[in-house]
$ cat structure_23.tsv   # TSV, C-alpha atoms
chain	number	residue	atom	x	y	z
A	1	MET	CA	-7.19	-47.85	-1.41
A	2	GLN	CA	-6.87	-44.25	-2.51
A	3	GLU	CA	-7.64	-43.51	-6.16
A	4	PRO	CA	-4.49	-42.98	-8.25
A	5	ILE	CA	-3.94	-39.39	-9.38
A	6	THR	CA	-3.97	-38.91	-13.13
A	7	ILE	CA	-1.80	-36.00	-14.17
A	8	ASP	CA	-3.33	-34.15	-17.08
A	9	ARG	CA	-0.58	-31.88	-18.37
A	10	SER	CA	-2.46	-30.75	-21.46
A	11	ASN	CA	-5.20	-28.93	-19.56
A	12	ARG	CA	-3.11	-27.18	-16.94
A	13	ARG	CA	-3.74	-23.53	-16.12
A	14	LEU	CA	-0.93	-23.02	-13.59
A	15	GLY	CA	2.71	-24.00	-13.73
A	16	THR	CA	2.55	-24.49	-17.45
A	17	SER	CA	6.09	-23.36	-18.18
A	18	PRO	CA	9.22	-25.25	-17.06
A	19	GLU	CA	10.16	-22.29	-14.85
A	20	LEU	CA	7.18	-22.89	-12.63
A	21	ALA	CA	6.15	-25.98	-10.78
A	22	ASP	CA	7.91	-28.76	-12.67
A	23	VAL	CA	11.48	-27.87	-11.77
A	24	CYS	CA	10.71	-28.11	-8.04
A	25	PHE	CA	12.64	-30.94	-6.45
A	26	ALA	CA	10.64	-30.83	-3.23
A	27	CYS	CA	13.47	-29.71	-0.93
A	28	GLY	CA	11.10	-27.67	1.25
A	29	THR	CA	13.33	-24.62	1.63
A	30	CYS	CA	10.37	-22.45	0.63
A	31	ALA	CA	8.12	-23.93	3.31
A	32	SER	CA	10.73	-23.63	6.05
A	33	GLY	CA	11.29	-19.96	5.25
A	34	CYS	CA	7.64	-19.04	4.84
A	35	PRO	CA	5.98	-17.22	7.76
A	36	ALA	CA	2.60	-18.52	6.56
A	37	THR	CA	3.61	-22.18	6.85
A	38	GLY	CA	1.24	-23.87	9.29
A	39	LEU	CA	-1.36	-21.10	9.28
A	40	VAL	CA	-3.70	-23.02	6.98
A	41	PRO	CA	-3.79	-26.69	8.02
A	42	GLY	CA	-2.39	-28.94	5.31
A	43	TRP	CA	-0.77	-26.15	3.30
A	44	ASP	CA	2.62	-24.53	2.80
A	45	PRO	CA	4.37	-23.23	-0.34
A	46	ARG	CA	6.03	-26.57	-1.10
A	47	LYS	CA	2.75	-28.44	-0.90
A	48	ALA	CA	1.08	-25.84	-3.11
A	49	ILE	CA	3.79	-26.20	-5.77
A	50	ARG	CA	3.77	-30.00	-5.54
A	51	ALA	CA	-0.02	-30.08	-5.81
A	52	ILE	CA	0.14	-27.95	-8.94
A	53	ALA	CA	2.90	-30.12	-10.43
A	54	LEU	CA	0.72	-33.18	-9.77
A	55	GLY	CA	-2.30	-31.67	-11.50
A	56	LEU	CA	-4.24	-30.84	-8.32
A	57	GLU	CA	-4.57	-27.19	-9.29
A	58	GLN	CA	-8.16	-26.81	-8.26
A	59	GLU	CA	-7.39	-27.88	-4.70
A	60	VAL	CA	-4.88	-25.06	-4.34
A	61	ILE	CA	-7.25	-22.57	-5.96
A	62	ASP	CA	-10.05	-23.61	-3.59
A	63	SER	CA	-7.84	-23.45	-0.49
A	64	LYS	CA	-7.35	-20.22	1.41
A	65	PHE	CA	-3.56	-20.61	1.41
A	66	PRO	CA	-2.94	-18.30	-1.61
A	67	TRP	CA	-4.91	-15.59	0.26
A	68	VAL	CA	-3.20	-16.01	3.65
A	69	CYS	CA	0.14	-15.89	1.80
A	70	THR	CA	1.23	-12.23	1.69
A	71	LEU	CA	3.17	-12.63	-1.58
A	72	CYS	CA	6.28	-11.50	0.32
A	73	ALA	CA	8.53	-13.58	-2.00
A	74	ARG	CA	10.77	-14.99	0.72
A	75	CYS	CA	10.08	-18.50	-0.65
A	76	GLU	CA	11.03	-17.48	-4.16
A	77	TYR	CA	14.18	-15.75	-2.99
A	78	VAL	CA	15.49	-18.88	-1.29
A	79	CYS	CA	14.31	-21.44	-3.89
A	80	PRO	CA	17.41	-23.14	-5.34
A	81	MET	CA	15.57	-23.94	-8.57
A	82	GLY	CA	14.15	-20.50	-9.23
A	83	VAL	CA	10.51	-21.61	-9.08
A	84	GLN	CA	8.29	-18.57	-9.58
A	85	LEU	CA	6.24	-19.12	-6.47
A	86	VAL	CA	4.77	-15.61	-6.24
A	87	LYS	CA	3.50	-15.64	-9.82
A	88	THR	CA	2.10	-19.14	-9.25
A	89	LEU	CA	0.38	-18.33	-5.95
A	90	ARG	CA	-1.05	-15.11	-7.33
A	91	GLY	CA	-2.09	-17.19	-10.33
A	92	CYS	CA	-4.27	-19.20	-7.93
A	93	ARG	CA	-5.98	-15.96	-6.92
A	94	ILE	CA	-6.60	-15.10	-10.59
A	95	LEU	CA	-8.33	-18.46	-11.06
A	96	ARG	CA	-10.78	-17.94	-8.18
A	97	GLU	CA	-14.31	-17.13	-9.30
A	98	ARG	CA	-14.78	-13.39	-8.72
A	99	ASP	CA	-17.73	-13.85	-6.38
A	100	GLU	CA	-15.53	-16.13	-4.24
A	101	VAL	CA	-12.72	-13.62	-3.72
A	102	PRO	CA	-12.51	-13.23	0.08
A	103	GLY	CA	-13.20	-9.91	1.80
A	104	PRO	CA	-13.95	-6.54	0.20
A	105	ILE	CA	-11.11	-6.43	-2.33
A	106	HIS	CA	-13.14	-7.55	-5.35
A	107	LYS	CA	-16.00	-5.17	-4.50
A	108	GLY	CA	-13.46	-2.37	-4.02
A	109	THR	CA	-11.86	-3.18	-7.37
A	110	ILE	CA	-15.24	-2.90	-9.12
A	111	MET	CA	-16.11	0.27	-7.19
A	112	ASN	CA	-12.80	1.73	-8.32
A	113	PHE	CA	-13.52	0.75	-11.92
A	114	GLU	CA	-16.98	2.30	-11.84
A	115	ARG	CA	-16.43	5.37	-9.67
A	116	GLY	CA	-12.71	6.12	-9.71
A	117	ASN	CA	-11.78	5.06	-6.18
A	118	ASN	CA	-12.18	1.99	-3.98
A	119	LEU	CA	-14.69	3.62	-1.63
A	120	GLY	CA	-16.76	5.52	-4.19
A	121	ILE	CA	-15.99	8.98	-2.76
A	122	PRO	CA	-17.72	11.55	-5.04
A	123	ARG	CA	-15.60	14.23	-6.74
A	124	ASP	CA	-17.35	17.14	-5.00
A	125	ASP	CA	-16.93	15.60	-1.54
A	126	LEU	CA	-13.21	15.17	-2.16
A	127	LEU	CA	-12.77	18.72	-3.47
A	128	PHE	CA	-14.55	20.17	-0.45
A	129	LEU	CA	-12.51	18.05	1.96
A	130	LEU	CA	-9.22	19.10	0.35
A	131	ALA	CA	-10.28	22.76	0.43
A	132	ASP	CA	-11.28	22.39	4.07
A	133	LEU	CA	-7.94	20.91	5.12
A	134	GLY	CA	-5.93	23.77	3.57
A	135	PRO	CA	-6.66	26.36	6.32
A	136	GLU	CA	-6.01	23.67	8.96
A	137	MET	CA	-2.51	23.28	7.56
A	138	GLU	CA	-2.04	27.05	7.42
A	139	GLU	CA	-3.02	27.49	11.05
A	140	ASP	CA	-1.48	24.34	12.51
A	141	GLU	CA	-0.17	25.09	16.00
A	142	LYS	CA	2.96	22.96	15.92
A	143	GLN	CA	3.99	23.30	12.29
A	144	PRO	CA	2.06	26.10	10.58
A	145	CYS	CA	2.13	26.23	6.76
A	146	PRO	CA	0.81	29.70	5.78
A	147	GLY	CA	-0.02	29.80	2.08
A	148	PHE	CA	-0.72	26.07	1.87
A	149	TYR	CA	-3.53	24.68	-0.27
A	150	VAL	CA	-3.99	21.42	-2.18
A	151	PRO	CA	-3.37	22.09	-5.88
A	152	VAL	CA	-5.97	20.11	-7.84
A	153	ASP	CA	-5.65	19.35	-11.57
A	154	LYS	CA	-2.73	21.76	-11.87
A	155	GLU	CA	-1.37	21.52	-15.38
A	156	GLY	CA	2.41	21.34	-15.73
A	157	ALA	CA	3.11	20.59	-12.05
A	158	ASN	CA	6.33	18.79	-11.25
A	159	ILE	CA	4.78	15.86	-9.33
A	160	ILE	CA	1.33	14.24	-9.37
A	161	VAL	CA	0.38	12.37	-6.20
A	162	THR	CA	-2.12	9.51	-5.89
A	163	MET	CA	-4.23	9.15	-2.75
A	164	ASN	CA	-5.24	6.16	-0.65
A	165	SER	CA	-9.05	6.35	-0.40
A	166	LYS	CA	-9.01	5.29	3.26
A	167	GLU	CA	-7.41	8.66	4.06
A	168	PRO	CA	-9.99	11.07	2.62
A	169	PHE	CA	-12.64	8.63	3.88
A	170	ALA	CA	-11.51	8.00	7.46
A	171	GLU	CA	-8.06	9.45	8.24
A	172	PRO	CA	-7.87	12.80	6.38
A	173	ASP	CA	-5.27	14.26	8.76
A	174	ASP	CA	-2.82	11.58	7.63
A	175	MET	CA	-2.63	13.24	4.21
A	176	LYS	CA	-1.00	16.25	5.88
A	177	PHE	CA	2.31	14.45	6.41
A	178	TRP	CA	3.12	14.40	2.71
A	179	TRP	CA	1.63	17.87	2.25
A	180	ARG	CA	3.92	19.37	4.88
A	181	ILE	CA	6.94	17.84	3.13
A	182	PHE	CA	5.81	19.43	-0.17
A	183	TYR	CA	5.29	22.76	1.61
A	184	ALA	CA	8.73	22.76	3.22
A	185	ALA	CA	10.37	21.73	-0.06
A	186	LYS	CA	8.29	24.31	-2.02
A	187	GLU	CA	7.44	21.47	-4.37
A	188	ASP	CA	5.25	22.14	-7.41
A	189	TRP	CA	2.76	19.28	-7.02
A	190	THR	CA	-0.83	18.36	-7.74
A	191	VAL	CA	-3.54	15.72	-7.35
A	192	SER	CA	-6.17	14.70	-9.87
A	193	SER	CA	-9.84	15.41	-9.11
A	194	THR	CA	-10.85	12.11	-10.75
A	195	ASN	CA	-9.41	8.57	-10.74
A	196	TRP	CA	-7.02	9.62	-8.00
A	197	GLU	CA	-6.95	6.24	-6.23
A	198	GLY	CA	-3.47	4.90	-5.49
A	199	VAL	CA	-4.54	1.57	-4.01
A	200	ASN	CA	-4.67	-1.13	-6.66
A	201	TRP	CA	-6.71	-4.02	-5.31
A	202	GLY	CA	-6.72	-5.75	-8.71
A	203	LEU	CA	-3.13	-6.71	-7.91
A	204	PHE	CA	-4.24	-8.44	-4.73
A	205	SER	CA	-7.56	-9.88	-5.90
A	206	GLY	CA	-5.99	-11.45	-8.99
A	207	ASP	CA	-7.85	-9.22	-11.46
A	208	ASP	CA	-5.29	-8.44	-14.16
A	209	GLU	CA	-7.69	-6.46	-16.32
A	210	ASN	CA	-8.62	-4.01	-13.58
A	211	TRP	CA	-5.04	-3.94	-12.32
A	212	LYS	CA	-4.00	-2.67	-15.74
A	213	ILE	CA	-6.90	-0.23	-16.07
A	214	GLN	CA	-6.03	1.31	-12.69
A	215	VAL	CA	-2.36	1.75	-13.60
A	216	GLY	CA	-3.47	3.23	-16.94
A	217	ARG	CA	-5.61	5.82	-15.16
A	218	VAL	CA	-2.71	7.00	-13.01
A	219	LEU	CA	-0.64	7.40	-16.17
A	220	GLU	CA	-3.49	9.09	-18.01
A	221	ASN	CA	-3.86	11.69	-15.23
A	222	ALA	CA	-0.15	12.49	-15.47
A	223	ARG	CA	-0.35	12.82	-19.25
A	224	ARG	CA	-3.52	14.92	-19.20
A	225	LEU	CA	-1.97	17.35	-16.73
A	226	LYS	CA	1.45	17.23	-18.41
A	227	VAL	CA	3.20	16.08	-15.25
A	228	LYS	CA	6.39	14.10	-15.69
A	229	THR	CA	6.70	12.47	-12.26
A	230	ILE	CA	4.16	10.29	-10.45
A	231	LEU	CA	4.41	9.89	-6.68
A	232	TYR	CA	2.68	6.73	-5.54
A	233	PRO	CA	2.74	6.73	-1.71
A	234	GLU	CA	1.45	3.14	-1.48
B	1	MET	CA	10.53	-3.13	-3.72
B	2	ALA	CA	10.98	-6.87	-3.67
B	3	PHE	CA	12.52	-9.36	-1.29
B	4	GLY	CA	16.30	-9.32	-1.57
B	5	ASP	CA	16.66	-6.12	-3.65
B	6	HIS	CA	17.97	-4.09	-0.67
B	7	GLU	CA	15.75	-1.13	-1.57
B	8	GLY	CA	14.99	-0.91	2.16
B	9	ASP	CA	18.48	0.55	2.63
B	10	LYS	CA	17.08	3.85	1.32
B	11	SER	CA	14.37	3.81	4.00
B	12	ARG	CA	17.01	3.02	6.63
B	13	TRP	CA	19.02	6.06	5.53
B	14	ILE	CA	15.96	8.31	5.76
B	15	VAL	CA	15.10	7.03	9.25
B	16	SER	CA	18.71	7.49	10.39
B	17	GLN	CA	18.52	11.16	9.33
B	18	CYS	CA	15.52	11.70	11.61
B	19	CYS	CA	16.37	9.55	14.64
B	20	GLU	CA	19.53	9.10	16.66
B	21	ASN	CA	19.00	5.67	18.09
B	22	VAL	CA	17.75	3.35	15.35
B	23	ALA	CA	17.42	-0.37	16.07
B	24	GLU	CA	17.20	-3.04	13.36
B	25	MET	CA	14.42	-5.62	13.49
B	26	CYS	CA	16.84	-8.45	12.74
B	27	ASP	CA	20.45	-9.27	11.83
B	28	SER	CA	20.03	-9.03	8.05
B	29	PRO	CA	17.30	-7.80	5.72
B	30	LEU	CA	17.53	-11.20	4.04
B	31	ASN	CA	16.46	-12.77	7.29
B	32	ASN	CA	13.57	-10.41	7.79
B	33	LEU	CA	9.86	-11.12	7.58
B	34	CYS	CA	6.72	-9.53	6.21
B	35	CYS	CA	4.49	-7.94	8.88
B	36	GLY	CA	1.67	-10.27	7.86
B	37	ALA	CA	-0.64	-7.73	6.24
B	38	GLY	CA	0.99	-7.67	2.78
B	39	GLY	CA	-0.49	-8.85	-0.50
B	40	GLY	CA	-3.93	-7.60	0.48
B	41	ALA	CA	-4.01	-9.61	3.73
B	42	TRP	CA	-4.94	-6.48	5.71
B	43	ALA	CA	-8.25	-6.40	3.83
B	44	MET	CA	-8.86	-10.17	3.94
B	45	PRO	CA	-11.32	-11.68	6.38
B	46	TYR	CA	-8.61	-14.03	7.81
B	47	THR	CA	-7.85	-12.03	10.95
B	48	GLU	CA	-6.66	-14.98	13.04
B	49	GLU	CA	-4.12	-16.06	10.41
B	50	ARG	CA	-2.98	-12.48	9.85
B	51	LEU	CA	-2.27	-12.01	13.56
B	52	ALA	CA	-0.56	-15.40	13.89
B	53	TYR	CA	1.64	-14.45	10.92
B	54	GLY	CA	2.35	-11.06	12.53
B	55	LYS	CA	3.46	-12.67	15.80
B	56	HIS	CA	6.94	-12.97	14.23
B	57	LYS	CA	6.99	-9.21	13.67
B	58	ALA	CA	5.61	-8.49	17.15
B	59	ASP	CA	8.44	-10.58	18.66
B	60	GLN	CA	11.00	-8.66	16.61
B	61	ILE	CA	9.57	-5.34	17.77
B	62	THR	CA	9.64	-6.45	21.41
B	63	LYS	CA	13.29	-7.50	21.12
B	64	THR	CA	14.39	-4.13	19.74
B	65	GLY	CA	13.16	-2.47	22.93
B	66	ALA	CA	12.01	0.44	20.75
B	67	GLU	CA	9.11	2.77	21.58
B	68	LEU	CA	8.55	3.97	18.03
B	69	VAL	CA	8.16	1.70	15.00
B	70	ILE	CA	8.55	3.10	11.49
B	71	ALA	CA	6.46	1.52	8.73
B	72	PRO	CA	7.09	2.04	5.02
B	73	CYS	CA	3.53	1.35	3.86
B	74	HIS	CA	-0.14	1.78	4.79
B	75	ASN	CA	-0.74	-1.91	5.37
B	76	CYS	CA	2.33	-2.46	7.58
B	77	ARG	CA	1.38	0.58	9.63
B	78	ASP	CA	-2.20	-0.59	10.13
B	79	GLN	CA	-1.10	-4.14	10.93
B	80	ILE	CA	1.42	-2.99	13.57
B	81	MET	CA	-0.65	-0.14	15.02
B	82	LYS	CA	-4.17	-1.53	14.84
B	83	GLY	CA	-3.43	-5.27	14.71
B	84	LEU	CA	-0.28	-6.36	16.53
B	85	ALA	CA	-0.25	-3.63	19.21
B	86	LYS	CA	-3.74	-4.66	20.34
B	87	GLU	CA	-3.11	-8.40	20.19
B	88	PHE	CA	0.40	-8.70	21.68
B	89	ASP	CA	2.43	-7.15	24.47
B	90	MET	CA	5.31	-5.57	22.56
B	91	GLY	CA	7.39	-4.42	25.53
B	92	ASN	CA	8.45	-0.78	25.29
B	93	TYR	CA	6.36	-0.18	22.17
B	94	LYS	CA	4.34	3.04	22.19
B	95	GLU	CA	3.52	4.06	18.62
B	96	THR	CA	3.83	3.42	14.89
B	97	MET	CA	4.54	6.07	12.28
B	98	TYR	CA	4.64	6.08	8.51
B	99	ILE	CA	8.15	6.85	7.30
B	100	TRP	CA	6.78	10.00	5.61
B	101	GLU	CA	5.09	10.92	8.89
B	102	LEU	CA	8.46	10.70	10.65
B	103	VAL	CA	10.02	12.93	7.98
B	104	SER	CA	7.14	15.40	8.23
B	105	GLU	CA	7.33	15.57	12.03
B	106	SER	CA	11.12	16.04	11.87
B	107	LEU	CA	11.02	19.00	9.50
B	108	VAL	CA	12.45	22.34	10.52
B	109	TYR	CA	11.43	24.97	7.97
B	110	GLU	CA	10.64	28.62	7.53
B	111	PRO	CA	7.06	29.65	6.74
B	112	TRP	CA	6.70	31.12	3.25
B	113	SER	CA	7.26	34.83	2.63
B	114	GLU	CA	4.31	37.25	2.39
B	115	GLU	CA	4.80	37.36	-1.36
B	116	GLU	CA	4.72	33.56	-1.69
B	117	ILE	CA	1.62	33.33	0.48
B	118	LYS	CA	-0.16	35.98	-1.59
B	119	LYS	CA	0.69	34.17	-4.83
B	120	ALA	CA	-0.48	30.80	-3.43
B	121	HIS	CA	-3.77	32.29	-2.21
B	122	ALA	CA	-4.43	33.80	-5.63
B	123	GLU	CA	-3.81	30.42	-7.27
B	124	ARG	CA	-6.00	28.72	-4.69
B	125	ASP	CA	-8.86	31.17	-5.22
B	126	ALA	CA	-8.69	30.72	-9.00
B	127	GLN	CA	-8.78	26.95	-8.53
B	128	PHE	CA	-11.77	27.11	-6.18
B	129	GLU	CA	-13.63	29.31	-8.62
B	130	ARG	CA	-12.87	26.94	-11.51
B	131	ASP	CA	-14.03	23.92	-9.46
B	132	GLY	CA	-17.06	25.64	-7.86
B	133	VAL	CA	-15.74	25.26	-4.30
B	134	GLU	CA	-17.49	27.80	-2.04
B	135	LEU	CA	-15.02	29.94	-0.12
B	136	GLU	CA	-17.53	31.42	2.38
B	137	GLU	CA	-18.05	28.11	4.12
B	138	LEU	CA	-14.35	27.86	4.77
B	139	GLU	CA	-13.77	31.30	6.26
$ encode --input "structure_23.tsv" --output "structure tokens"
Amino acid sequence: MQEPITIDRSNRRLGTSPELADVCFACGTCASGCPATGLVPGWDPRKAIRAIALGLEQEVIDSKFPWVCTLCARCEYVCPMGVQLVKTLRGCRILRERDEVPGPIHKGTIMNFERGNNLGIPRDDLLFLLADLGPEMEEDEKQPCPGFYVPVDKEGANIIVTMNSKEPFAEPDDMKFWWRIFYAAKEDWTVSSTNWEGVNWGLFSGDDENWKIQVGRVLENARRLKVKTILYPE
Amino acid sequence: MAFGDHEGDKSRWIVSQCCENVAEMCDSPLNNLCCGAGGGAWAMPYTEERLAYGKHKADQITKTGAELVIAPCHNCRDQIMKGLAKEFDMGNYKETMYIWELVSESLVYEPWSEEEIKKAHAERDAQFERDGVELEELE
């Protein structure tokens, strides 16, 4: 016979408020609307919530379901009881040991914390790349932008723009789309030479501390350069 | 943006200003689905699950009969362009663009005046000097 499950409510880390797991009445609307249902054998949003309500938190935390889930919130939108599924499933990511976070997102988060962007691109490399792309924009055959350059650390600009490190690293031409819009609009814009990363992997890896630090840096850049509007093309 | 907040209507308006024949992915945004690469899934090692999830989106794209797919974010774009397009036959599909790429490619504008160009170059040169960026290598 299977061992009875003892529910220990006093030591719960997830679903601790009535808004979370306990109000679930197991209707399964979440699971039927979830595109990730069936992708990880044995798991769907309903089972995750039920497991948490029954005190089997660690099993959900150890499963890969919270990581295959894209946090799209379809489940939460349709839940008749208002269970906060996204917060709960992301909560499972928070409770993973950091060295067991799948893929590169934890390493990227730490790289960002230490060096200002997820891929560790040095300041001088970025500045040279941005300078190099200016003349390419000016002389573009299809849509030339004479007079274009990337304004870096421009105090008092109207808009400060974050960058996605994959672009300076691997797809630099993709930054030109936004730049051409700024050129045509004669926008007064700038980028920061440091802590310019727009990707916030702390959100995805379940690292609240670094999530907050990253957001703080974007704000700090805007304040330092006295820019009132932040454009976050993520 | 969050599911059910209808913020996507703004993106639909922008796309409709750039393209004449816009097809919806499904009957209602409340019936729509994530591309499968959200929430960090693009960077996760679970490729098989990510593509199986994205099959829903690939089917939607096929049914529209569209050649061009517009994506509102980096992860959607990579999933559709580098993930789904390689894994599934999506009918008439030819390419994926960021929504800001579509706007950029659709722009009709006048190049700046000589005076504006001169002013911008002076600002640029001052910036390069401040930051120690060598101009010779560029020219």
$ closest_residue --input "structure_23.tsv" --among "A:Ser193, A:Asn158, A:Asn112, A:Gln143" --to "Leu127 in chain A" --atoms "only C-alpha atoms"
A:Ser193
$ closest_residue --input "structure_23.tsv" --among "A:Ala48, A:Leu133, A:Val83, A:Ile5" --to "chain B" --atoms "all atoms listed in the file"
A:Leu133
$ closest_residue --input "structure_23.tsv" --among "A:Ile61, A:Val199, A:Ala26, A:Ala53" --to "chain B" --atoms "all atoms listed in the file"
A:Val199
$ atom_distance --input "structure_23.tsv" --atom1 "CA of Pro144 in chain A" --atom2 "CA of Arg130 in chain B"
26.7 Å
$ interface_residues --input "structure_23.tsv" --of "chain A" --to "chain B" --cutoff "7 Å" --atoms "all atoms listed in the file" --output "ChimeraX atom specification"
/A:35-36,39,67-68,70-74,77,102-105,128,132,145-147,149,177-178,180-181,184,204,234
$ closest_residue --input "structure_23.tsv" --among "A:Trp211, A:Phe148, A:Thr29, A:Asp174" --to "Glu187 in chain A" --atoms "only C-alpha atoms"
A:Phe148
$ residues_around --input "structure_23.tsv" --residues "Val60 in chain A" --least-positions-apart "4" --cutoff "9 Å" --atoms "all atoms listed in the file" --output "JSON, numbers by chain"
{"A": [43, 48, 49, 51, 52, 56, 64, 65, 66, 89, 92]}
$ atom_distance --input "structure_23.tsv" --atom1 "CA of Ser192 in chain A" --atom2 "CA of Asp153 in chain A"
5.0 Å
$ residues_around --input "structure_23.tsv" --residues "His106 in chain A" --least-positions-apart "4" --cutoff "8 Å" --atoms "all atoms listed in the file" --output "list in words"
Arg98, Asp99, Val101, Pro102, Ile110, Trp201, Gly202 and Ser205 of chain A
$ atom_distance --input "structure_23.tsv" --atom1 "CA of Arg77 in chain B" --atom2 "CA of Glu95 in chain B"
9.9 Å
$ residues_around --input "structure_23.tsv" --residues "Ile121 in chain A" --least-positions-apart "2" --cutoff "12 Å" --atoms "only C-alpha atoms" --output "PyMOL selection string"
chain A and resi 108+111-112+114-119+123-129+163-170+193-197
$ build_atoms --input "structure_23.tsv" --residues "range 110-126 of chain B" --atoms "N, CA, C and O atoms" --output "compact mmCIF listing (two decimals), in the frame of the given file"
# COMPACT_ATOMS: atom_id res chain seq x y z
N GLU B 110 11.15 27.26 7.40
CA GLU B 110 10.64 28.62 7.53
C GLU B 110 9.28 28.72 6.84
O GLU B 110 9.11 28.18 5.74
N PRO B 111 8.31 29.40 7.47
CA PRO B 111 7.06 29.65 6.74
C PRO B 111 7.35 30.48 5.48
O PRO B 111 8.35 31.21 5.44
N TRP B 112 6.48 30.39 4.50
CA TRP B 112 6.70 31.12 3.25
C TRP B 112 6.68 32.64 3.49
O TRP B 112 6.08 33.12 4.46
N SER B 113 7.26 33.36 2.56
CA SER B 113 7.26 34.83 2.63
C SER B 113 5.85 35.36 2.31
O SER B 113 5.03 34.65 1.73
N GLU B 114 5.60 36.62 2.68
CA GLU B 114 4.31 37.25 2.39
C GLU B 114 3.98 37.17 0.90
O GLU B 114 2.85 36.90 0.51
N GLU B 115 4.99 37.39 0.10
CA GLU B 115 4.80 37.36 -1.36
C GLU B 115 4.38 35.97 -1.84
O GLU B 115 3.46 35.83 -2.65
N GLU B 116 5.05 34.94 -1.31
CA GLU B 116 4.72 33.56 -1.69
C GLU B 116 3.31 33.19 -1.24
O GLU B 116 2.57 32.51 -1.97
N ILE B 117 2.95 33.64 -0.05
CA ILE B 117 1.62 33.33 0.48
C ILE B 117 0.55 33.98 -0.39
O ILE B 117 -0.45 33.36 -0.75
N LYS B 118 0.78 35.24 -0.76
CA LYS B 118 -0.16 35.98 -1.59
C LYS B 118 -0.37 35.27 -2.94
O LYS B 118 -1.49 35.10 -3.41
N LYS B 119 0.74 34.85 -3.52
CA LYS B 119 0.69 34.17 -4.83
C LYS B 119 -0.08 32.85 -4.70
O LYS B 119 -0.94 32.53 -5.53
N ALA B 120 0.19 32.10 -3.64
CA ALA B 120 -0.48 30.80 -3.43
C ALA B 120 -1.98 31.00 -3.22
O ALA B 120 -2.80 30.26 -3.76
N HIS B 121 -2.34 32.03 -2.46
CA HIS B 121 -3.77 32.29 -2.21
C HIS B 121 -4.50 32.67 -3.49
O HIS B 121 -5.64 32.27 -3.71
N ALA B 122 -3.82 33.42 -4.34
CA ALA B 122 -4.43 33.80 -5.63
C ALA B 122 -4.64 32.56 -6.49
O ALA B 122 -5.71 32.38 -7.10
N GLU B 123 -3.68 31.67 -6.51
CA GLU B 123 -3.81 30.42 -7.27
C GLU B 123 -4.93 29.56 -6.69
O GLU B 123 -5.71 28.95 -7.42
N ARG B 124 -4.96 29.50 -5.37
CA ARG B 124 -6.00 28.72 -4.69
C ARG B 124 -7.39 29.26 -5.03
O ARG B 124 -8.30 28.51 -5.40
N ASP B 125 -7.55 30.59 -4.96
CA ASP B 125 -8.86 31.17 -5.22
C ASP B 125 -9.31 30.91 -6.66
O ASP B 125 -10.48 30.62 -6.91
N ALA B 126 -8.36 30.99 -7.59
CA ALA B 126 -8.69 30.72 -9.00
C ALA B 126 -9.12 29.25 -9.16
O ALA B 126 -10.05 28.94 -9.90
